[in-house]
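As provided, entry_15.txt (compact mmCIF, C-alpha atoms) reads as follows.
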```txt
# COMPACT_ATOMS: atom_id res chain seq x y z
CA MET Z 232 66.11 -39.53 54.53
CA VAL Z 233 63.26 -37.66 56.22
CA ARG Z 234 59.73 -38.84 55.45
CA LYS Z 235 56.87 -36.43 56.09
CA VAL Z 236 54.06 -38.19 57.97
CA PHE Z 237 51.84 -35.27 59.00
CA GLY Z 238 50.97 -31.91 57.50
CA ARG Z 239 48.29 -29.41 56.69
CA PRO Z 240 45.69 -30.66 54.15
CA GLU Z 241 45.96 -28.92 50.82
CA ALA Z 242 42.27 -28.06 51.11
CA LEU Z 243 42.99 -25.82 54.14
CA THR Z 244 44.70 -22.44 54.01
CA GLU Z 245 47.32 -21.34 56.54
CA THR Z 246 44.96 -18.71 58.01
CA PRO Z 247 44.59 -19.06 61.81
CA THR Z 248 40.97 -19.71 62.76
CA HIS Z 249 38.91 -17.46 65.03
CA TYR Z 250 37.15 -20.25 66.93
CA CYS Z 251 37.12 -20.33 70.74
CA PRO Z 252 39.53 -22.71 72.51
CA GLY Z 253 37.97 -26.15 72.90
CA CYS Z 254 35.45 -25.73 70.10
CA THR Z 255 35.56 -28.62 67.62
CA HIS Z 256 34.97 -26.55 64.48
CA GLY Z 257 38.69 -26.78 63.74
CA ILE Z 258 38.64 -30.60 63.90
CA VAL Z 259 35.63 -30.72 61.59
CA HIS Z 260 37.31 -28.36 59.13
CA ARG Z 261 40.33 -30.65 59.02
CA ILE Z 262 38.19 -33.75 58.51
CA VAL Z 263 36.35 -32.16 55.58
CA ALA Z 264 39.63 -30.93 54.07
CA GLU Z 265 41.30 -34.33 54.38
CA VAL Z 266 38.35 -36.01 52.64
CA ILE Z 267 38.47 -33.44 49.81
CA ASP Z 268 42.19 -34.11 49.38
CA GLU Z 269 41.85 -37.88 49.50
CA LEU Z 270 39.07 -37.86 46.92
CA GLY Z 271 41.11 -35.55 44.67
CA VAL Z 272 38.24 -33.12 44.12
CA ARG Z 273 39.62 -29.84 45.52
CA GLU Z 274 39.75 -28.11 42.15
CA ARG Z 275 36.03 -28.66 41.60
CA THR Z 276 34.74 -28.31 45.15
CA VAL Z 277 32.52 -25.39 46.16
CA GLY Z 278 31.70 -24.78 49.82
CA VAL Z 279 28.78 -22.71 51.10
CA VAL Z 280 29.23 -21.14 54.52
CA PRO Z 281 26.56 -19.79 56.88
CA VAL Z 282 25.90 -16.88 59.14
CA GLY Z 283 27.04 -17.95 62.61
CA CYS Z 284 30.26 -19.16 64.24
CA ALA Z 285 31.50 -20.56 60.89
CA VAL Z 286 30.85 -17.33 59.02
CA PHE Z 287 34.56 -16.93 58.22
CA ALA Z 288 35.06 -20.50 57.02
CA TYR Z 289 35.71 -19.15 53.54
CA TYR Z 290 39.07 -17.95 54.86
CA TYR Z 291 40.03 -21.44 55.98
CA PHE Z 292 39.12 -23.78 53.09
CA ASN Z 293 41.39 -23.73 50.06
CA CYS Z 294 38.65 -24.22 47.48
CA ASP Z 295 35.92 -22.06 46.00
CA MET Z 296 33.69 -20.75 48.80
CA ILE Z 297 30.47 -18.73 48.85
CA GLU Z 298 28.74 -16.95 51.74
CA ALA Z 299 24.99 -17.53 52.02
CA SER Z 300 22.37 -15.48 53.82
CA HIS Z 301 21.19 -16.84 57.14
CA GLY Z 302 19.71 -20.32 56.67
CA ARG Z 303 19.88 -20.23 52.90
CA ALA Z 304 22.98 -22.38 52.36
CA PRO Z 305 21.02 -25.42 51.06
CA ALA Z 306 19.24 -23.20 48.52
CA VAL Z 307 22.52 -21.63 47.39
CA ALA Z 308 24.17 -25.07 47.22
CA THR Z 309 21.23 -26.33 45.15
CA GLY Z 310 21.72 -23.52 42.61
CA ILE Z 311 25.46 -24.14 42.34
CA LYS Z 312 25.06 -27.89 41.87
CA ARG Z 313 22.35 -27.52 39.25
CA ALA Z 314 24.34 -24.90 37.33
CA LEU Z 315 27.63 -26.82 37.67
CA PRO Z 316 26.65 -30.49 37.89
CA ASP Z 317 30.29 -31.66 37.77
CA SER Z 318 31.17 -29.66 40.86
CA VAL Z 319 31.33 -31.12 44.37
CA VAL Z 320 29.18 -28.93 46.61
CA PHE Z 321 28.95 -28.89 50.40
CA SER Z 322 27.28 -26.55 52.84
CA TYR Z 323 28.63 -25.98 56.34
CA GLN Z 324 25.98 -24.89 58.86
CA GLY Z 325 25.36 -24.50 62.59
CA ASP Z 326 22.19 -25.43 64.45
CA GLY Z 327 20.80 -21.89 64.50
CA ASP Z 328 21.39 -21.54 60.78
CA LEU Z 329 20.10 -24.98 59.80
CA ALA Z 330 17.56 -26.00 62.46
CA SER Z 331 15.96 -22.60 63.07
CA ILE Z 332 16.11 -19.97 60.36
CA GLY Z 333 16.95 -22.47 57.62
CA THR Z 334 14.56 -25.28 58.58
CA ALA Z 335 12.50 -24.98 55.42
CA GLU Z 336 15.58 -24.88 53.18
CA ILE Z 337 17.17 -28.02 54.64
CA VAL Z 338 13.92 -30.01 54.72
CA HIS Z 339 13.03 -29.22 51.12
CA ALA Z 340 16.60 -29.73 49.81
CA ALA Z 341 16.52 -33.20 51.40
CA ALA Z 342 13.00 -33.89 50.14
CA ARG Z 343 14.03 -32.97 46.60
CA GLY Z 344 17.04 -35.25 46.85
CA GLU Z 345 19.45 -32.50 45.87
CA ASN Z 346 22.85 -34.02 45.12
CA ILE Z 347 24.74 -31.99 47.74
CA SER Z 348 26.50 -32.79 51.03
CA VAL Z 349 25.70 -30.91 54.24
CA ILE Z 350 27.99 -30.60 57.27
CA PHE Z 351 25.82 -29.73 60.27
CA ILE Z 352 27.38 -28.49 63.53
CA ASN Z 353 25.07 -28.98 66.53
CA ASN Z 354 26.33 -27.40 69.75
CA ALA Z 355 22.85 -27.05 71.28
CA ILE Z 356 23.11 -23.28 71.50
CA TYR Z 357 23.42 -20.04 69.54
CA GLY Z 358 27.19 -19.73 69.80
CA MET Z 359 28.10 -16.55 67.94
CA THR Z 360 25.44 -14.29 69.45
CA GLY Z 361 25.94 -15.04 73.12
CA GLY Z 362 24.62 -18.48 74.02
CA GLN Z 363 20.86 -18.16 73.61
CA MET Z 364 18.50 -21.15 73.55
CA ALA Z 365 18.45 -22.85 70.14
CA PRO Z 366 16.06 -25.39 68.58
CA THR Z 367 18.58 -28.04 69.63
CA THR Z 368 18.99 -26.93 73.28
CA LEU Z 369 18.35 -29.91 75.56
CA PRO Z 370 15.42 -29.99 78.02
CA GLY Z 371 16.63 -28.39 81.23
CA GLN Z 372 19.76 -26.95 79.64
CA LYS Z 373 20.66 -23.49 80.93
CA THR Z 374 21.34 -20.76 78.40
CA THR Z 375 21.34 -16.97 78.51
CA THR Z 376 17.66 -16.95 77.51
CA SER Z 377 16.70 -19.96 79.61
CA PRO Z 378 18.65 -19.33 82.85
CA ALA Z 379 16.48 -21.78 84.77
CA GLY Z 380 16.86 -24.42 82.07
CA ARG Z 381 14.81 -25.13 78.93
CA ASP Z 382 11.20 -25.59 79.96
CA THR Z 383 9.57 -27.86 77.37
CA SER Z 384 6.08 -26.80 78.49
CA ARG Z 385 6.85 -23.32 77.18
CA ALA Z 386 9.66 -23.77 74.63
CA GLY Z 387 8.74 -27.16 73.20
CA TYR Z 388 11.17 -29.97 72.52
CA PRO Z 389 14.51 -30.06 70.66
CA ILE Z 390 14.53 -30.92 66.97
CA ARG Z 391 16.35 -34.15 66.12
CA VAL Z 392 17.50 -33.26 62.61
CA CYS Z 393 18.90 -36.65 61.57
CA GLU Z 394 15.81 -38.52 62.71
CA MET Z 395 13.56 -36.03 60.90
CA LEU Z 396 15.43 -35.90 57.60
CA SER Z 397 15.98 -39.65 57.42
CA THR Z 398 12.22 -40.11 56.99
CA LEU Z 399 12.35 -38.25 53.65
CA ASP Z 400 12.62 -40.36 50.51
CA GLY Z 401 14.97 -37.81 48.90
CA ALA Z 402 17.62 -38.19 51.60
CA SER Z 403 20.27 -40.76 50.75
CA TYR Z 404 22.85 -40.67 53.55
CA ILE Z 405 22.22 -39.27 57.04
CA ALA Z 406 24.61 -39.73 59.99
CA ARG Z 407 25.38 -38.23 63.39
CA VAL Z 408 28.93 -38.21 64.77
CA SER Z 409 31.11 -36.46 67.36
CA CYS Z 410 34.77 -35.55 67.86
CA THR Z 411 35.10 -36.40 71.56
CA SER Z 412 37.82 -39.04 71.13
CA PRO Z 413 40.26 -40.24 68.48
CA ALA Z 414 37.95 -43.17 67.73
CA ASN Z 415 34.99 -40.83 67.25
CA VAL Z 416 37.08 -38.56 65.00
CA ALA Z 417 37.92 -41.58 62.83
CA ARG Z 418 34.23 -42.55 62.65
CA ALA Z 419 33.33 -38.96 61.79
CA LYS Z 420 35.81 -38.89 58.93
CA ARG Z 421 34.38 -42.13 57.50
CA ALA Z 422 30.91 -40.56 57.61
CA VAL Z 423 32.04 -37.37 55.83
CA ARG Z 424 33.81 -39.44 53.18
CA GLU Z 425 30.66 -41.51 52.68
CA ALA Z 426 28.61 -38.32 52.28
CA PHE Z 427 30.96 -36.99 49.59
CA GLU Z 428 31.15 -40.37 47.85
CA VAL Z 429 27.35 -40.52 47.71
CA GLN Z 430 27.38 -37.15 45.95
CA LEU Z 431 30.14 -38.23 43.55
CA ALA Z 432 28.06 -41.29 42.66
CA GLY Z 433 25.03 -39.08 41.99
CA GLY Z 434 23.22 -40.62 44.94
CA GLY Z 435 21.42 -37.52 46.18
CA PHE Z 436 21.21 -35.63 49.44
CA SER Z 437 23.64 -36.42 52.26
CA LEU Z 438 24.12 -34.87 55.70
CA VAL Z 439 26.56 -35.48 58.55
CA GLU Z 440 25.65 -33.94 61.91
CA PHE Z 441 28.47 -33.28 64.38
CA LEU Z 442 27.69 -32.99 68.10
CA SER Z 443 30.08 -30.12 68.83
CA SER Z 444 31.30 -28.37 71.96
CA CYS Z 445 30.88 -24.73 73.00
CA PRO Z 446 32.94 -24.38 76.20
CA THR Z 447 32.66 -20.57 76.18
CA ASN Z 448 28.87 -20.42 76.25
CA TRP Z 449 28.39 -23.63 78.20
CA GLY Z 450 30.64 -22.28 80.97
CA MET Z 451 32.82 -25.39 80.95
CA THR Z 452 36.43 -26.29 80.35
CA PRO Z 453 37.15 -27.93 76.98
CA ILE Z 454 37.48 -31.34 78.64
CA GLU Z 455 34.24 -30.90 80.62
CA ALA Z 456 32.49 -29.90 77.39
CA LEU Z 457 33.58 -33.06 75.58
CA ARG Z 458 32.43 -35.17 78.52
CA TRP Z 459 29.07 -33.36 78.49
CA ILE Z 460 28.65 -34.29 74.84
CA ASP Z 461 29.33 -37.96 75.61
CA LYS Z 462 27.05 -38.05 78.66
CA GLU Z 463 24.20 -35.62 77.92
CA MET Z 464 24.08 -34.76 74.22
CA SER Z 465 24.76 -38.25 72.91
CA ALA Z 466 21.96 -39.58 75.15
CA TYR Z 467 19.43 -37.25 73.52
CA TYR Z 468 21.03 -37.30 70.07
CA PRO Z 469 22.36 -40.85 69.58
CA LEU Z 470 25.35 -41.26 67.28
CA GLY Z 471 25.14 -43.47 64.21
CA GLU Z 472 24.03 -43.79 60.61
CA TYR Z 473 20.33 -43.02 60.26
CA LYS Z 474 20.05 -43.67 56.56
CA VAL Z 475 22.42 -45.27 54.09
CA PRO Z 476 22.10 -45.59 50.31
CA LYS Z 477 19.92 -48.43 49.14
CA VAL Z 478 21.77 -51.31 47.52
CA PRO Z 479 20.24 -52.23 44.13
CA GLU Z 480 18.25 -55.45 44.44
CA GLU Z 481 20.27 -57.24 41.75
CA ALA Z 482 23.51 -56.26 43.52
CA SER Z 483 22.22 -57.48 46.90
CA GLN Z 484 21.44 -60.84 45.23
CA GLY Z 485 24.88 -61.04 43.69
CA GLY Z 486 23.55 -60.24 40.23
```

Hey, can you dump this file as structure tokens for me?
Amino acid sequence: MVRKVFGRPEALTETPTHYCPGCTHGIVHRIVAEVIDELGVRERTVGVVPVGCAVFAYYYFNCDMIEASHGRAPAVATGIKRALPDSVVFSYQGDGDLASIGTAEIVHAAARGENISVIFINNAIYGMTGGQMAPTTLPGQKTTTSPAGRDTSRAGYPIRVCEMLSTLDGASYIARVSCTSPANVARAKRAVREAFEVQLAGGGFSLVEFLSSCPTNWGMTPIEALRWIDKEMSAYYPLGEYKVPKVPEEASQGG
């Protein structure tokens, strides 16, 4: 008797992705799809995809998907969730979409405590349009628009999204993860599951930030790119849970 131990998640289609070799978008897609399957919510899940590298994500997820204008995914997700409160809504956004053009939308969605889950891909660069400096580009990092390295005296400092949003009372669960090793992939999946479970419990706004690789625009091999995340990006953007749901006082006292 043959027992199947590995296969494609039901929440993913069989469409080949367009992502560059070594990019971790594909891993993140699989993590999100596995969590949707395990929670049994595929039939009522709605994903909102951005403008950017993940613009074609609606081809890859096997659930209802909507394309949002640049940076507006949190606003679109808010409308869907309020109109269909029994749905499970997630947005999938890159750093240019979320931390630049969509800064106002993500901050105010978190501040309002919208009951949605956000998957945030931070590769410290504008990936789709040629590798320009992004709000998340590290100090000194070379890009096509900062060939000598990001000069903070002229361009300012990177935005740490998790640290910023975790200060807002409306945010319930905020975490930063990476996919640079099997152990980190496992931690990332636990964080995504927690984000979705917070939404299912009506807990409010949740966000999981992935430190992701961009070997093409970084000018590195895939392995070098993962090592750069561990050494350089993780030093500036530490991994971990920045905010977790509050435990009711009576529960914490065993009541």

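Coordinates place CA of Gly253 in chain Z at a distance of 9.6 Å from CA of Met451 in chain Z.
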
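For range 461-473 of chain Z, the set of protein, DNA and RNA residues having any atom at most 7 Å away, when counting only C-alpha atoms and skipping those fewer than 6 positions along the same chain, is Arg391, Cys393, Glu394, Ser397, Ile405, Ala406, Arg407 and Val408 of chain Z.
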
- Message: For a quick check of your reading of the model, name the residues lying within 12 Å of the coordinate (14.2, -35.9, 58.8), counting all atoms listed in the file, and write them as a PyMOL selection string.
- Response: chain Z and resi 330+334-335+337-342+390-406+436-438+473-474

- Message: Applying 12 Å and all atoms listed in the file, which residues near Asp268 in chain Z remain after dropping the ones on its own chain fewer than 2 positions away? List them as a ChimeraX atom specification.
- Response: /Z:239-243,261-266,270-276,292-294,424,427

- Figure out the distance between CA of Gly333 in chain Z and CA of Arg313 in chain Z, please, to one decimal in Å. 19.8 Å

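Distance-wise, CA of Thr383 in chain Z and CA of His256 in chain Z end up 28.5 Å apart.
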
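For Ser409 in chain Z, the set of protein, DNA and RNA residues having any atom at most 6 Å away, when counting only C-alpha atoms and skipping those fewer than 5 positions along the same chain, is Asn415, Phe441 and Leu442 of chain Z.
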
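With distances restricted to all atoms listed in the file, Z:Gly325 is the closest residue to Val439 in chain Z from Z:Gly238, Z:Pro413, Z:Gly325, Z:Pro378.
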